[in-house]
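Notes follow once the structure below has been shown.
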Amino acid sequence: MKAVKNTITILLVFLGISYVLSQTKNVEVENAIEYFKHRNEALSLVKAKKWQGAIPILESLTLDYKNDADLFYLLGLAYYETGQFKTAIIELKKALESGGTILTDIPTGSAPSNDIMIKIAKAYAKEGDNENALLWLQKGFANRYDEKPFLKGDPAFKAINERQEFQQLYGYQSQISLSREASWVSDIDYLKERIQELHYNPYQSMSKTDLDHKILSLKSEINSLTDEEIVVELMKIIGSLGNGHNLIIPTSPNKGALKKLPVQFYQFSDGLFIVSADTGFEKWIGYEVEFIENTTAEEALQKTNVVNARDNDMQTLWLAPYYLALPDVLKGIGIAESSNEVTLTLKDSNEKSQKVIMHPVPWNFSDFPRIPKLKDKEQPLFLSKTEDPYWFTLIPESNSVYVQFNIVTQKETQSLEAFNIELRRQISKSKVQYLILDLRHNHGGNGSILPPMLKTVINFELKHPEGKVFVLMGRETFSAAQNLLTDITKYTNAILVGEPSGSKPNHIGEAGWFKLPYSGLMGLISTQFHQTSKAEDHRKWIPPHIPVSMSSTDYFNGKDKALDVILEVIKTTESKE
C-alpha cells in the first residue's frame, strides 16, 4: 500500500512538472537583444498597418519564444488583415490559450479576450464556416462582449445574417408578425437575457427572485401601459441594478421615445435651479424650483433614485435633475399625474413665487448634461472651454498651471500623450510651482489611455517637492475619471478640493450595449469590476480634503469658489515662505 502511495505521489509530481513545462515553453532565446529589437520592429509595423511586412518577423518571434501572447495576437491580426483567415484563427486561439492580451492602440484590434473571440468568429465567417462563426459569436457574447448591437449588420456575417440562429442571438422571434403585447414581451425577455449576459454582478443590489418578479409584473401589465410608460418601467428595472454604468437612452426607441421639458435643472448647494432653456423659455433661467407639481424639489430629487442606477448619492445630485426634466419619468415615479404638462412652482431672486405650466418637447439624447456656460456673460475659467477634452493655461500671478481634463478620449489634432508631453515641457519652461488639475466635468471615457496624465501628475510632484498638486473634483468625476482620481490619491500627495467624487474607488464599470429587437430601445449595462484601490477599500466616494460646494449665486455671478480657495491656499503658502 505504501508503494502505491509513493507511486501516486511521484506521478502527481511528474504531472505537475509536465503541466508547468507545458505553460512555459522556450523560456530563453538565443539572442535576447535581437529578439527585443525585432519585437519592437514588428509592433511598429503593426501600428503602421504594414501587415505583410510584420508577418515574417512575428512568425520568427513566435517560433523563438512561445510565452508572449501579444505576439500571437498581433500575428493573428496580421493574417486576418491579409486575408489568411484559417491561419489567423490558429494564432488568435493561441493568444487566448495564453490568457489574451492588454495591448492598446492596435489598428483594427482590441485587447479584451471577448474581442479576440469575435475576431475569430469573423474569420470563420469569412472562411464560410458558419457553424463555427455562430459558436464563437456565442462565446464572445457569453464573455460579456459589449458591442453586440453593432455586429448585427457587420459585412463579415452577411452570409448568416438572416439565419434563425443568428437572429435569435439578438432576441428576434421566428414568427413573421407579432402582436404589440408579444413584441414587448420579446423585448423584456431579451433585456433580462442581456442583463444576465453582460452584467458583472446582476444580483448585487437585488435578488434573482426580485428581478424575475419585476420582469413578470411588467409583462402582465403591457396592455394597460402606453409605450412610454413601458420604457419608464424598463428604466426602473435598470435603475434597480444599483451601479452607475447602467442606463437607458430614452430617445433611442422606435416605440415610446421620451420627451423632455424645455429647461435644464441643476442642484446647487442652495437649491434646484433652472440653468438653461430652449428658445422661448430663456426668461426662466436663474429661477429656483420650489415644487414640481405638489412635490418639493428636495423630495423629487430623492424619488428619481428608482430610475437612477448610481454608485453613490453624489450621482443623485448629478443625474436626478436630468430625470426630473422627463415628464414620463415624473409620472412613472408618482410626481406628475400627466406627462403632457407639468406645473412648476418657481421663485425669482426677489423671493416671489409663481406657478408655470410647461409642456414636453422632442429631443435627442447625446450625453448626460453638464453644467452649461453662462448666458450673455463672460465665462469663468472652469466654464470657458468645457467642449475641449483637455487643455491648459498658465496662471502667472499664482505661479501655477491650470489643466482641465473634461473627457478621457483622444483628440484628432493631438493625442492625450502628445498633450501631456507639451504640458510637461511648458511646466519645465515656465518653472511653475503649482499644478491644478480640474476633473469636475469629466464623466470618463477610455480608461486605457490615462497613463500619460497620471505620469504628468507624478512627474510634477517628483520635480517640485516644494510645490503642490491640487485636484478639483465633484459629482461628475465618474468612471475613468474616478480611476484617475483614485490613482492620483494612491501615488501622490495631491490636495483634493470640491465635492465627493461621483463614483467609488472600486466600482463596477465599463458599459456593454443592448438594443431591444421590437422597440429599438438602447442602453448600457455594467460589465467589469474596477479594483483601482486596495481590496479592502469600500468607500462610497473619495472625499475632498477641502470641501467646497457651488451655490447658485456663485454660478450665476461667474464665480468659481473652489478655484478661488486653491489660489488663496497658494497665496498663503507663498507669503509664509
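If you're wondering about the labels, chains in the C-alpha cells are A, B, ... by order shown, residues count from 1 in each chain, ligands from 1 in order shown.
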
Residues of stretch 389-480 of chain A classed as alpha helix (DSSP H) by DSSP on the backbone are to be reported as a CSV table (one decimal) with C-alpha atoms, in the first residue's frame.
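Final output, saved to out_9.csv:
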chain,number,residue,atom,x,y,z
A,416,LEU,CA,-3.5,62.7,-24.9
A,417,GLU,CA,0.1,61.6,-24.7
A,418,ALA,CA,1.3,64.4,-27.0
A,419,PHE,CA,-0.8,66.9,-24.9
A,420,ASN,CA,1.0,65.7,-21.7
A,421,ILE,CA,4.4,65.9,-23.3
A,422,GLU,CA,3.6,69.5,-24.3
A,423,LEU,CA,2.2,70.2,-20.8
A,424,ARG,CA,5.4,68.9,-19.1
A,425,ARG,CA,7.6,70.9,-21.5
A,426,GLN,CA,5.6,74.1,-20.7
A,427,ILE,CA,5.8,73.4,-16.9
A,428,SER,CA,9.5,73.0,-17.1
A,429,LYS,CA,10.0,76.1,-19.3
A,430,SER,CA,7.8,78.3,-17.1
A,451,PRO,CA,-1.3,56.8,-18.0
A,452,PRO,CA,0.2,59.9,-19.6
A,453,MET,CA,-2.0,62.2,-17.4
A,454,LEU,CA,-1.1,60.2,-14.3
A,455,LYS,CA,2.6,60.3,-15.2
A,456,THR,CA,2.4,64.1,-15.6
A,457,VAL,CA,1.0,64.5,-12.0
A,458,ILE,CA,3.5,62.1,-10.5
A,459,ASN,CA,6.4,63.7,-12.5
A,460,PHE,CA,5.3,67.2,-11.3
A,461,GLU,CA,5.4,66.1,-7.7
A,462,LEU,CA,8.8,64.5,-8.1
A,463,LYS,CA,10.3,67.5,-9.7
A,480,ALA,CA,-12.4,56.6,-16.0

Using only C-alpha atoms, which residues sit within 7 Å of stretch 513-520 of chain A once same-chain residues fewer than 6 positions away are excluded, as a PyMOL selection string? chain A and resi 146-149+170-172+183-184+187+190-191+194+252-255

Atoms to include: N, CA and C atoms. Write the selected residues as an mmCIF file, in the first residue's frame.
data_model
loop_
_atom_site.group_PDB
_atom_site.id
_atom_site.type_symbol
_atom_site.label_atom_id
_atom_site.label_comp_id
_atom_site.auth_asym_id
_atom_site.auth_seq_id
_atom_site.Cartn_x
_atom_site.Cartn_y
_atom_site.Cartn_z
ATOM 1 N N ASP A 146 -19.143 43.772 -25.434
ATOM 2 C CA ASP A 146 -20.008 44.915 -25.157
ATOM 3 C C ASP A 146 -20.529 45.669 -26.375
ATOM 4 N N GLU A 147 -20.130 45.276 -27.586
ATOM 5 C CA GLU A 147 -20.594 45.990 -28.780
ATOM 6 C C GLU A 147 -21.562 45.140 -29.611
ATOM 7 N N LYS A 148 -22.266 44.255 -28.976
ATOM 8 C CA LYS A 148 -23.122 43.292 -29.666
ATOM 9 C C LYS A 148 -24.105 43.922 -30.662
ATOM 10 N N PRO A 149 -24.844 44.975 -30.303
ATOM 11 C CA PRO A 149 -25.837 45.503 -31.255
ATOM 12 C C PRO A 149 -25.228 45.956 -32.581
ATOM 13 N N TYR A 170 -29.974 37.910 -31.139
ATOM 14 C CA TYR A 170 -30.385 39.299 -30.927
ATOM 15 C C TYR A 170 -31.826 39.423 -30.441
ATOM 16 N N GLY A 171 -32.418 38.301 -30.055
ATOM 17 C CA GLY A 171 -33.749 38.334 -29.467
ATOM 18 C C GLY A 171 -34.892 38.334 -30.453
ATOM 19 N N TYR A 172 -34.603 38.154 -31.729
ATOM 20 C CA TYR A 172 -35.676 38.185 -32.723
ATOM 21 C C TYR A 172 -36.395 36.839 -32.771
ATOM 22 N N SER A 183 -44.658 41.477 -28.826
ATOM 23 C CA SER A 183 -43.431 42.175 -29.218
ATOM 24 C C SER A 183 -42.734 42.783 -28.001
ATOM 25 N N TRP A 184 -43.523 43.420 -27.137
ATOM 26 C CA TRP A 184 -42.926 43.979 -25.930
ATOM 27 C C TRP A 184 -42.427 42.877 -24.986
ATOM 28 N N ASP A 187 -39.111 41.925 -26.132
ATOM 29 C CA ASP A 187 -38.134 42.932 -25.723
ATOM 30 C C ASP A 187 -37.736 42.761 -24.258
ATOM 31 N N TYR A 190 -35.617 39.730 -23.753
ATOM 32 C CA TYR A 190 -34.259 39.936 -24.284
ATOM 33 C C TYR A 190 -33.449 40.841 -23.363
ATOM 34 N N LEU A 191 -34.087 41.849 -22.768
ATOM 35 C CA LEU A 191 -33.379 42.706 -21.828
ATOM 36 C C LEU A 191 -32.892 41.896 -20.628
ATOM 37 N N ARG A 194 -29.965 39.943 -21.689
ATOM 38 C CA ARG A 194 -28.782 40.786 -21.866
ATOM 39 C C ARG A 194 -28.204 41.213 -20.520
ATOM 40 N N SER A 252 -33.948 56.717 -27.832
ATOM 41 C CA SER A 252 -33.496 55.760 -28.850
ATOM 42 C C SER A 252 -34.595 54.906 -29.468
ATOM 43 N N PRO A 253 -35.705 54.611 -28.775
ATOM 44 C CA PRO A 253 -36.629 53.617 -29.331
ATOM 45 C C PRO A 253 -37.484 54.124 -30.495
ATOM 46 N N ASN A 254 -37.891 53.159 -31.334
ATOM 47 C CA ASN A 254 -38.879 53.453 -32.369
ATOM 48 C C ASN A 254 -40.265 53.571 -31.745
ATOM 49 N N LYS A 255 -40.441 52.914 -30.617
ATOM 50 C CA LYS A 255 -41.704 52.934 -29.884
ATOM 51 C C LYS A 255 -41.457 53.487 -28.484
#

Set the distance at 9 Å and use only C-alpha atoms: which residues neighbour stretch 491-494 of chain A once local chain neighbours fewer than 2 positions away are removed? I'd like the list as a PyMOL selection string.
chain A and resi 457-458+461+468-471+486-489+496

Taking C-alpha atoms for each residue, export the selection above as a short mmCIF file (atom, residue, chain, number, x, y, z; two decimals), in the first residue's frame.
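The resulting again_9.cif:
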data_model
loop_
_atom_site.label_atom_id
_atom_site.label_comp_id
_atom_site.auth_asym_id
_atom_site.auth_seq_id
_atom_site.Cartn_x
_atom_site.Cartn_y
_atom_site.Cartn_z
CA VAL A 457 0.96 64.47 -12.03
CA ILE A 458 3.54 62.09 -10.53
CA GLU A 461 5.37 66.13 -7.69
CA LYS A 468 1.82 71.26 -4.65
CA VAL A 469 -0.68 69.38 -6.79
CA PHE A 470 -4.36 70.30 -6.44
CA VAL A 471 -7.21 68.29 -7.93
CA THR A 486 -8.07 57.10 -7.26
CA ASP A 487 -4.62 56.54 -8.78
CA ILE A 488 -3.59 60.13 -8.03
CA THR A 489 -4.52 59.65 -4.37
CA LEU A 496 -8.37 67.38 -3.27
#

Exercise for the section: Grab the atom CA of A:Glu412 to atom CA of A:Ala78 distance for me, in Å with one decimal place. Expected result: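 Here the two named atoms are 25.1 Å from each other.
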
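Checking A:Phe265, A:Tyr322, A:Tyr145, A:Tyr287 one by one against A:Thr304, counting only C-alpha atoms, you find the shortest gap at A:Tyr322.
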
* To do: Take atom CA of A:Val231 and atom CA of A:Gln167 and report the distance between them in Å, one decimal.
  =>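 Interatomic distance, atom CA of A:Val231 to atom CA of A:Gln167: 23.1 Å.
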
- Task: Compare A:Phe392, A:Phe281, A:Phe368, A:Trp363 by their minimum atom-to-atom distance to A:Tyr323, counting only C-alpha atoms, and give me the closest one.
- Result: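 That would be A:Phe368, the residue with the smallest distance to A:Tyr323.
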
For A:Tyr402, the closest of A:Leu567, A:Thr296, A:Ala32, A:Leu225 counting only C-alpha atoms is A:Leu567

Quick one: DSSP strand (DSSP E or B) residues in stretch 144-321 of chain A, as a PyMOL selection string? chain A and resi 247-249+260+263-268+271-277+288-292+295-296

Between atom CA of A:Ser526 and atom CA of A:Pro107 lies a distance of 25.5 Å

Exercise. Check the smallest atom-to-atom distance from each of A:Lys37, A:Lys86, A:Lys490, A:Lys192 to A:Lys219 using only C-alpha atoms, then report the winner.
Key: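 Checking each of A:Lys37, A:Lys86, A:Lys490, A:Lys192 against A:Lys219, counting only C-alpha atoms, the winner is A:Lys192.
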
message = Could you list, as a PyMOL selection string, every residue within 9 Å of A:Asp270, counting only C-alpha atoms and ignoring same-chain residues fewer than 5 positions away?
response = chain A and resi 550-553

Counting only C-alpha atoms, closest pick from A:Pro380, A:Pro369, A:Gly523, A:Gly140 relative to A:Leu234 is A:Gly523
